[in-house]
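Asks: Before we start, here is the structure in question, set down as C-alpha cells.
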Amino acid sequence: MASVRLAVIGAGSAQFSLGVVRDLAAIPTLWGSHVRFMDIDQHRLDVTHAVAERYAAEAGADVTFIKTLDREEALEGADFVLNCALVGGWRGRTYLREVAAKHAGEGGKALAMGVLSSFRQLDLFAGIARDVQRLCPDAWYIQSANPMTSGITLVNRVAPVKAVGLCHGINDVVHISRMIGLDPDRVTAQAYGLNHFIWLRNYSCGGEDAYPALDRWIEDESQAFWQSEACTPSHSLGPKAVRMYQMLGLYPIGDTCTPGGGNWPAWFRATPELVSRWKEDTGAWIERHIQNMEGRIAEFEKALADKSAPLAASLPSGPTGETNVTIIDALANGRGGLFQVNVLNEGAIPGIPDDIAVELPAYVSRAGIQKLQLEPLPEPIMHFVRQRVLRVQNDVETYLSRSRTRLLLAILGDSDVGIDAASAFVDEVLSHPSNRDMAAHFV
C-alpha cells in the first residue's frame, strides 16, 4: 500500500492535527507516510509536533514528522495538502464586530459578515492553491478550513488543482439518530446542499423510513429535553432546528442551524425574548467553542509535561471519525467508499450553478471523486439556497475584482444600514495599520 507525503497547513490547530495523527496511526495502509506540519505560530507548532511524535511512537505507527514555518518547504513535492488554517483565530474576528457596532449599532452586525470578514481566509486559500499548482501540481488540495463554499469555489477559479472540501456536519445524523432511539449502525441517510446548509434526505433505519421516529420524538420527548440543561444553545435537536424542519420539510444537519453556519439572520434572535425562547445565545455558543479550542491546547501541554504516563492516558486515542485521513487512504490506496465532500456542483444538485461548490455524498477511490446525482431539494429550501449562492458568487467576484467600490456594494447588499455608515465602516477597517493587506488588495 502507498505511503504519502502530507502537508498540513495551519498545524498549530493541535486538536485537528492530533486527529490527523490518530487516524494515521489507525490506518496501517498509510504507514511509511511523511507529514510536514506548517504554521506561523512557533509555540503552537512546537506543541503539535511534539504531541504527534510522541503519540505515533507510543502507538507504534511508522509515520514521520517535521515542522516548518515555511509554506513552500511544507508543500514541495507533497501528494496531499490539508488546509485547516484560520487566520487570526476565532478571537481575531471580534474586531470587525466592534467596528460595525460603532458605526451602525445593533443593526450593523451584518456589516461584519461577508467578504470583508473572510478576506484573509479567501486570500490564504487562493495563495495556497497557486502554490500547490506551482510546487506540487499533482497533489490533492483538501480544505477543512472555513468558509468552505466560497473557498472551494474560489480555489477552482484561481488554480486548476484537484480540490475537495471536508466537513464533519454529516456526523450529526449519528448523534440525532442515537438521541431519538435509533441504532446508528442500521441508519442510512443523505444530507446535501451548501456547506453549513445541508438537509436530511433518504433517512432510513433497517430499510424503513426513519422520519416517523423523529416525529414521535418531537411529539413525545422534545419539550422535556428543551427544558433540561442538556439542551445547549443551537442544539441539533433544539427548538430552532425542529421549527426549521416543520417549516421547510427536511431536517437541518450540522451547522445549518448554529452560529457556525448562517444562523438564520434575525428569525430566532431579533429580540432577547426570541433568544431565550429558541435557546439561541450566539455569544455563549461562540465563547464555548473558543474555550474548547483553547482548553485543548492546555491539555496537550499538560500531557506533554507528564513523561510518566502515555499520552493515550490523558488524550483521546483511536480513530476520530473524521474523514481527512480516510479520504487520503481512498485516493492513494483505492480503499473506496462514500464520503461527504464539497466540490463543484456540475449538475449533481438540480437548481444550483455548475461552478458553485456544494456539499454532497460522493464515491471516492483511486479513480477520484464521483458525485452522486441527487433529487432536487424542496422549493422552500431552494429559495434560501439561491440566496446563499448569490452571496457566494458576490463574495468570490468581489475578492477577485480587487475593487473597493465593489467591496462597499457587496457590504451594502448584505445589510440594511445606510451608505454613510457602511462607507465609514469600510474606511476605518481598511485604514487600520493591521489591515494593510486588505487596503492593498481593495483599491
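Going by the C-alpha cells order, chains are called A, B, ..., each with residues numbered from 1, while ligands are numbered from 1 in the order shown.
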Determine, counting only C-alpha atoms, which protein, DNA and RNA residues have an atom within 9 Å of an atom of Glu379 in chain A; residues of the same chain fewer than 4 positions away are not included. Present the result as an NGL selection string.
Replies: :A and (248 or 383-384)
Asks: List every residue of range 228-347 of chain A that has an atom at most 8 Å from any atom of range 363-374 of chain A, and for each one report the closest atom pair and its distance in Å to one decimal, counting only C-alpha atoms, with rows sorted by chain and then by increasing residue number, as a Markdown table.
Replies:
| residue | atom | partner | partner_atom | distance |
| --- | --- | --- | --- | --- |
| A:Ile327 | CA | A:Val364 | CA | 7.2 |
| A:Ala330 | CA | A:Ser365 | CA | 4.9 |
| A:Leu331 | CA | A:Arg366 | CA | 4.3 |
| A:Ala332 | CA | A:Arg366 | CA | 5.9 |
| A:Asn333 | CA | A:Arg366 | CA | 6.4 |
| A:Gly334 | CA | A:Arg366 | CA | 4.4 |
| A:Arg335 | CA | A:Ser365 | CA | 6.3 |
| A:Gly336 | CA | A:Ser365 | CA | 4.2 |
| A:Gly337 | CA | A:Tyr363 | CA | 5.5 |
| A:Leu338 | CA | A:Tyr363 | CA | 4.5 |
| A:Phe339 | CA | A:Tyr363 | CA | 6.3 |
| A:Gly347 | CA | A:Gln373 | CA | 7.6 |
Asks: Could you write those residues out with N, CA and C atoms, as a PDB file, in the first residue's frame?
Replies:
ATOM      1  N   ILE A 327     -10.079   9.691   3.530  1.00  0.00           N
ATOM      2  CA  ILE A 327     -10.225  10.038   2.111  1.00  0.00           C
ATOM      3  C   ILE A 327      -8.859   9.996   1.423  1.00  0.00           C
ATOM      4  N   ALA A 330      -8.391   6.438   0.635  1.00  0.00           N
ATOM      5  CA  ALA A 330      -9.209   6.046  -0.516  1.00  0.00           C
ATOM      6  C   ALA A 330      -8.575   6.496  -1.821  1.00  0.00           C
ATOM      7  N   LEU A 331      -8.061   7.725  -1.854  1.00  0.00           N
ATOM      8  CA  LEU A 331      -7.473   8.263  -3.082  1.00  0.00           C
ATOM      9  C   LEU A 331      -6.117   7.646  -3.391  1.00  0.00           C
ATOM     10  N   ALA A 332      -5.343   7.350  -2.347  1.00  0.00           N
ATOM     11  CA  ALA A 332      -3.987   6.834  -2.557  1.00  0.00           C
ATOM     12  C   ALA A 332      -3.947   5.320  -2.702  1.00  0.00           C
ATOM     13  N   ASN A 333      -4.799   4.631  -1.953  1.00  0.00           N
ATOM     14  CA  ASN A 333      -4.721   3.174  -1.890  1.00  0.00           C
ATOM     15  C   ASN A 333      -5.937   2.466  -2.469  1.00  0.00           C
ATOM     16  N   GLY A 334      -6.903   3.239  -2.965  1.00  0.00           N
ATOM     17  CA  GLY A 334      -8.051   2.624  -3.606  1.00  0.00           C
ATOM     18  C   GLY A 334      -9.037   1.982  -2.664  1.00  0.00           C
ATOM     19  N   ARG A 335      -8.943   2.283  -1.360  1.00  0.00           N
ATOM     20  CA  ARG A 335      -9.905   1.733  -0.401  1.00  0.00           C
ATOM     21  C   ARG A 335     -11.161   2.592  -0.451  1.00  0.00           C
ATOM     22  N   GLY A 336     -11.927   2.433  -1.529  1.00  0.00           N
ATOM     23  CA  GLY A 336     -13.006   3.349  -1.857  1.00  0.00           C
ATOM     24  C   GLY A 336     -14.209   3.252  -0.943  1.00  0.00           C
ATOM     25  N   GLY A 337     -15.036   4.272  -1.002  1.00  0.00           N
ATOM     26  CA  GLY A 337     -16.271   4.322  -0.223  1.00  0.00           C
ATOM     27  C   GLY A 337     -16.974   5.639  -0.419  1.00  0.00           C
ATOM     28  N   LEU A 338     -18.142   5.764   0.229  1.00  0.00           N
ATOM     29  CA  LEU A 338     -18.908   7.003   0.175  1.00  0.00           C
ATOM     30  C   LEU A 338     -18.359   8.001   1.180  1.00  0.00           C
ATOM     31  N   PHE A 339     -18.170   9.233   0.737  1.00  0.00           N
ATOM     32  CA  PHE A 339     -17.695  10.315   1.591  1.00  0.00           C
ATOM     33  C   PHE A 339     -18.590  11.533   1.395  1.00  0.00           C
ATOM     34  N   GLY A 347     -23.936  19.919 -11.970  1.00  0.00           N
ATOM     35  CA  GLY A 347     -25.170  19.216 -12.268  1.00  0.00           C
ATOM     36  C   GLY A 347     -25.627  18.215 -11.235  1.00  0.00           C
TER      37      GLY A 347
END
Asks: Quick check for you: according to DSSP on this backbone, which residues of range 197-380 of chain A are classed as strand (DSSP E)? Reply as a ChimeraX atom specification.
Replies: /A:197-205,208-209,252-253,337-344,357-365,368-371
Asks: With N, CA and C atoms retained, write the just-selected residues as a CSV table (one decimal), in the first residue's frame.
Replies:
chain,number,residue,atom,x,y,z
A,197,PHE,N,-25.3,24.2,5.3
A,197,PHE,CA,-26.7,24.4,4.9
A,197,PHE,C,-27.1,23.1,4.2
A,198,ILE,N,-27.1,22.0,5.0
A,198,ILE,CA,-27.4,20.7,4.4
A,198,ILE,C,-28.6,20.1,5.0
A,199,TRP,N,-29.4,19.3,4.3
A,199,TRP,CA,-30.7,18.8,4.7
A,199,TRP,C,-30.9,17.3,4.5
A,200,LEU,N,-31.5,16.7,5.5
A,200,LEU,CA,-31.6,15.3,5.6
A,200,LEU,C,-32.6,14.7,4.7
A,201,ARG,N,-32.1,13.8,3.8
A,201,ARG,CA,-32.9,13.1,2.8
A,201,ARG,C,-32.7,11.6,2.9
A,202,ASN,N,-33.6,10.8,2.4
A,202,ASN,CA,-33.5,9.3,2.3
A,202,ASN,C,-33.0,8.8,3.7
A,203,TYR,N,-33.6,9.2,4.7
A,203,TYR,CA,-33.3,8.8,6.1
A,203,TYR,C,-34.0,7.5,6.5
A,204,SER,N,-33.3,6.5,6.7
A,204,SER,CA,-33.9,5.2,7.0
A,204,SER,C,-33.1,4.4,8.0
A,205,CYS,N,-33.8,3.5,8.7
A,205,CYS,CA,-33.2,2.6,9.7
A,205,CYS,C,-33.7,1.2,9.4
A,208,GLU,N,-36.3,1.0,6.7
A,208,GLU,CA,-37.6,1.7,6.9
A,208,GLU,C,-37.4,3.2,7.1
A,209,ASP,N,-38.3,4.0,6.6
A,209,ASP,CA,-38.3,5.4,6.8
A,209,ASP,C,-38.1,5.8,8.2
A,252,PRO,N,-32.6,20.0,9.3
A,252,PRO,CA,-31.3,20.6,9.1
A,252,PRO,C,-30.2,19.9,9.8
A,253,ILE,N,-29.1,19.7,9.2
A,253,ILE,CA,-28.0,18.9,9.7
A,253,ILE,C,-26.7,19.7,10.0
A,337,GLY,N,-15.0,4.3,-1.0
A,337,GLY,CA,-16.3,4.3,-0.2
A,337,GLY,C,-17.0,5.6,-0.4
A,338,LEU,N,-18.1,5.8,0.2
A,338,LEU,CA,-18.9,7.0,0.2
A,338,LEU,C,-18.4,8.0,1.2
A,339,PHE,N,-18.2,9.2,0.7
A,339,PHE,CA,-17.7,10.3,1.6
A,339,PHE,C,-18.6,11.5,1.4
A,340,GLN,N,-18.7,12.4,2.4
A,340,GLN,CA,-19.3,13.7,2.3
A,340,GLN,C,-18.3,14.7,1.9
A,341,VAL,N,-18.5,15.3,0.7
A,341,VAL,CA,-17.4,16.2,0.1
A,341,VAL,C,-18.0,17.5,-0.3
A,342,ASN,N,-17.2,18.5,-0.4
A,342,ASN,CA,-17.5,19.8,-1.0
A,342,ASN,C,-16.7,19.9,-2.3
A,343,VAL,N,-17.4,19.9,-3.4
A,343,VAL,CA,-16.8,20.0,-4.7
A,343,VAL,C,-17.7,20.8,-5.6
A,344,LEU,N,-17.3,21.2,-6.8
A,344,LEU,CA,-18.1,22.0,-7.7
A,344,LEU,C,-19.4,21.1,-8.1
A,357,ALA,N,-19.5,25.5,-5.4
A,357,ALA,CA,-19.2,24.3,-4.5
A,357,ALA,C,-20.4,23.9,-3.7
A,358,VAL,N,-20.7,22.6,-3.7
A,358,VAL,CA,-21.8,22.1,-3.0
A,358,VAL,C,-21.3,21.0,-2.1
A,359,GLU,N,-22.1,20.7,-1.0
A,359,GLU,CA,-21.8,19.6,-0.1
A,359,GLU,C,-22.7,18.4,-0.4
A,360,LEU,N,-22.2,17.2,-0.7
A,360,LEU,CA,-23.0,16.1,-1.1
A,360,LEU,C,-22.2,14.8,-0.9
A,361,PRO,N,-22.9,13.6,-1.0
A,361,PRO,CA,-22.2,12.4,-0.9
A,361,PRO,C,-21.6,12.0,-2.3
A,362,ALA,N,-20.4,11.4,-2.2
A,362,ALA,CA,-19.7,11.0,-3.4
A,362,ALA,C,-18.9,9.7,-3.2
A,363,TYR,N,-18.7,9.0,-4.2
A,363,TYR,CA,-17.9,7.8,-4.1
A,363,TYR,C,-16.4,8.2,-4.4
A,364,VAL,N,-15.5,7.9,-3.5
A,364,VAL,CA,-14.1,8.2,-3.7
A,364,VAL,C,-13.3,7.0,-3.7
A,365,SER,N,-12.4,7.0,-4.7
A,365,SER,CA,-11.4,5.9,-4.8
A,365,SER,C,-10.2,6.4,-5.5
A,368,GLY,N,-10.6,8.8,-8.2
A,368,GLY,CA,-11.0,10.2,-7.9
A,368,GLY,C,-12.4,10.3,-7.2
A,369,ILE,N,-13.1,11.4,-7.5
A,369,ILE,CA,-14.4,11.6,-6.8
A,369,ILE,C,-15.5,11.6,-7.8
A,370,GLN,N,-16.4,10.7,-7.6
A,370,GLN,CA,-17.6,10.6,-8.5
A,370,GLN,C,-18.8,11.0,-7.6
A,371,LYS,N,-19.4,12.2,-8.0
A,371,LYS,CA,-20.5,12.7,-7.2
A,371,LYS,C,-21.8,11.9,-7.6
Asks: Looking only at the backbone, which of the residues in range 208-398 of chain A does DSSP tag as helix (DSSP H, G or I), as a PyMOL selection string?
Replies: chain A and resi 211-220+222-226+239-248+254-257+272-277+282-305+311-313+324-333+379-398
Asks: I want to know what sits within 7 Å of Ala112 in chain A, based on only C-alpha atoms, with residues of the same chain fewer than 3 positions away left out; could you give that as a VMD selection string?
Replies: chain A and resid 96 to 97 100 109 117
Asks: How would the residues just picked look written out with N, CA and C atoms as a short mmCIF file (atom, residue, chain, number, x, y, z; two decimals), in the first residue's frame?
Replies:
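The result, written out as result.cif:
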data_model
loop_
_atom_site.label_atom_id
_atom_site.label_comp_id
_atom_site.auth_asym_id
_atom_site.auth_seq_id
_atom_site.Cartn_x
_atom_site.Cartn_y
_atom_site.Cartn_z
N LEU A 96 -13.97 43.19 13.79
CA LEU A 96 -14.94 43.67 12.82
C LEU A 96 -16.29 43.93 13.45
N ARG A 97 -16.70 43.07 14.37
CA ARG A 97 -18.00 43.27 15.03
C ARG A 97 -17.99 44.54 15.87
N ALA A 100 -18.20 47.54 13.46
CA ALA A 100 -19.55 47.59 12.88
C ALA A 100 -20.53 48.17 13.88
N LYS A 109 -24.58 44.43 12.61
CA LYS A 109 -23.97 43.10 12.70
C LYS A 109 -23.65 42.54 11.32
N SER A 117 -15.08 39.97 6.20
CA SER A 117 -14.75 39.10 7.34
C SER A 117 -13.97 37.88 6.90
#
Asks: Given the choices A:Ala104, A:Ala422, A:Ile349, A:Val158, which gets closest to Leu194 in chain A if the distance is worked out from only C-alpha atoms?
Replies: A:Ile349
Asks: Quick one: residues within 12 Å of Gly10 in chain A, only C-alpha atoms counted, chain neighbours fewer than 2 positions away excluded, as an mmCIF file with C-alpha atoms, in the first residue's frame?
Replies:
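This went into part_8.cif:
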data_model
loop_
_atom_site.group_PDB
_atom_site.id
_atom_site.type_symbol
_atom_site.label_atom_id
_atom_site.label_comp_id
_atom_site.auth_asym_id
_atom_site.auth_seq_id
_atom_site.Cartn_x
_atom_site.Cartn_y
_atom_site.Cartn_z
ATOM 1 C CA ALA A 7 1.475 18.833 4.187
ATOM 2 C CA VAL A 8 -0.735 20.182 6.987
ATOM 3 C CA GLY A 12 -0.976 24.853 15.162
ATOM 4 C CA SER A 13 -4.585 23.736 15.497
ATOM 5 C CA ALA A 14 -3.348 20.990 17.778
ATOM 6 C CA GLN A 15 -6.710 19.279 18.201
ATOM 7 C CA PHE A 16 -7.134 18.980 14.444
ATOM 8 C CA SER A 17 -3.533 17.891 13.914
ATOM 9 C CA ARG A 36 5.080 18.191 7.280
ATOM 10 C CA PHE A 37 3.397 20.430 9.842
ATOM 11 C CA MET A 38 3.354 24.117 8.887
ATOM 12 C CA ASP A 39 2.125 27.092 10.938
ATOM 13 C CA ILE A 40 3.146 30.684 11.575
ATOM 14 C CA ASP A 41 2.862 30.292 15.366
ATOM 15 C CA GLN A 42 6.121 28.732 16.557
ATOM 16 C CA ARG A 44 1.726 26.012 18.811
ATOM 17 C CA LEU A 45 3.699 24.362 16.014
ATOM 18 C CA THR A 48 1.697 19.943 17.723
ATOM 19 C CA LYS A 67 7.749 21.105 11.454
ATOM 20 C CA THR A 68 8.305 24.298 9.494
ATOM 21 C CA LEU A 69 7.280 27.940 9.397
ATOM 22 C CA ASP A 70 7.840 27.956 5.637
ATOM 23 C CA ARG A 71 4.806 27.085 3.495
ATOM 24 C CA ALA A 74 5.857 22.128 3.501
ATOM 25 C CA VAL A 81 -2.197 19.260 1.138
ATOM 26 C CA LEU A 82 -4.536 19.539 4.110
ATOM 27 C CA ASN A 83 -5.546 23.116 4.949
ATOM 28 C CA CYS A 84 -7.046 23.679 8.402
ATOM 29 C CA ALA A 85 -5.816 27.251 8.947
ATOM 30 C CA LEU A 86 -7.895 30.035 10.491
ATOM 31 C CA VAL A 87 -6.031 33.313 10.052
ATOM 32 C CA GLY A 88 -6.117 35.267 13.301
ATOM 33 C CA GLY A 89 -8.043 32.568 15.146
ATOM 34 C CA GLN A 121 -9.197 33.210 4.568
ATOM 35 C CA LEU A 124 -4.923 32.322 2.061
ATOM 36 C CA PHE A 125 -6.909 29.760 0.050
ATOM 37 C CA ILE A 128 -2.143 28.015 -1.210
ATOM 38 C CA GLN A 143 -9.719 22.064 2.659
ATOM 39 C CA SER A 144 -11.107 21.717 6.163
ATOM 40 C CA ALA A 145 -10.993 25.443 6.881
#
Asks: Do you have the CA of Ala421 in chain A-CA of Ser401 in chain A distance handy?
Replies: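 Taking CA of Ala421 in chain A and CA of Ser401 in chain A, their separation equals 22.7 Å.
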Asks: I'd like the neighbourhood of Ile27 in chain A as a list of chain:residue names, where a residue qualifies if any of its atoms comes within 10 Å (using only C-alpha atoms), though same-chain residues fewer than 3 positions away should be ignored.
Replies: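 What passes the distance filter is A:Arg22, A:Asp23, A:Leu24, A:Leu30, A:Trp31, A:Ala61, A:Pro319, A:Val325, A:Thr326, A:Asp329.
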Asks: Nearest to Val21 in chain A among A:Val35, A:Val47, A:Ala189, A:Leu237, with distances taken over only C-alpha atoms: which residue is it?
Replies: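 Nearest candidate to Val21 in chain A out of A:Val35, A:Val47, A:Ala189, A:Leu237: A:Val35.
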Asks: When distances are computed from only C-alpha atoms, which of A:Ala191, A:Ala224, A:Val155, A:Ala110 shows the smallest separation from Leu250 in chain A?
Replies: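 Going through A:Ala191, A:Ala224, A:Val155, A:Ala110 one by one, the smallest distance to Leu250 in chain A is for A:Ala191.
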Asks: Give me the range 176-242 of chain A side of the contact with range 280-295 of chain A, cut-off 12 Å, one line per residue showing its nearest atom pair and distance in Å at one decimal, counting only C-alpha atoms, sorted by chain and residue number, as CSV.
Replies:
residue,atom,partner,partner_atom,distance
A:Cys231,CA,A:Glu280,CA,10.9
A:Thr232,CA,A:Trp285,CA,8.3
A:Pro233,CA,A:Glu280,CA,5.2
A:Ser234,CA,A:Glu280,CA,5.8
A:His235,CA,A:Glu280,CA,9.1
A:Ser236,CA,A:Glu280,CA,12.0
A:Gly238,CA,A:Glu280,CA,9.4
A:Pro239,CA,A:Glu280,CA,9.4
A:Lys240,CA,A:Glu280,CA,8.0
A:Ala241,CA,A:Glu280,CA,10.7
Asks: What does the structure give for the distance between CA of Leu304 in chain A and CA of Gly19 in chain A, in Å to one decimal?
Replies: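 Computing the Euclidean distance for CA of Leu304 in chain A and CA of Gly19 in chain A yields 16.2 Å.
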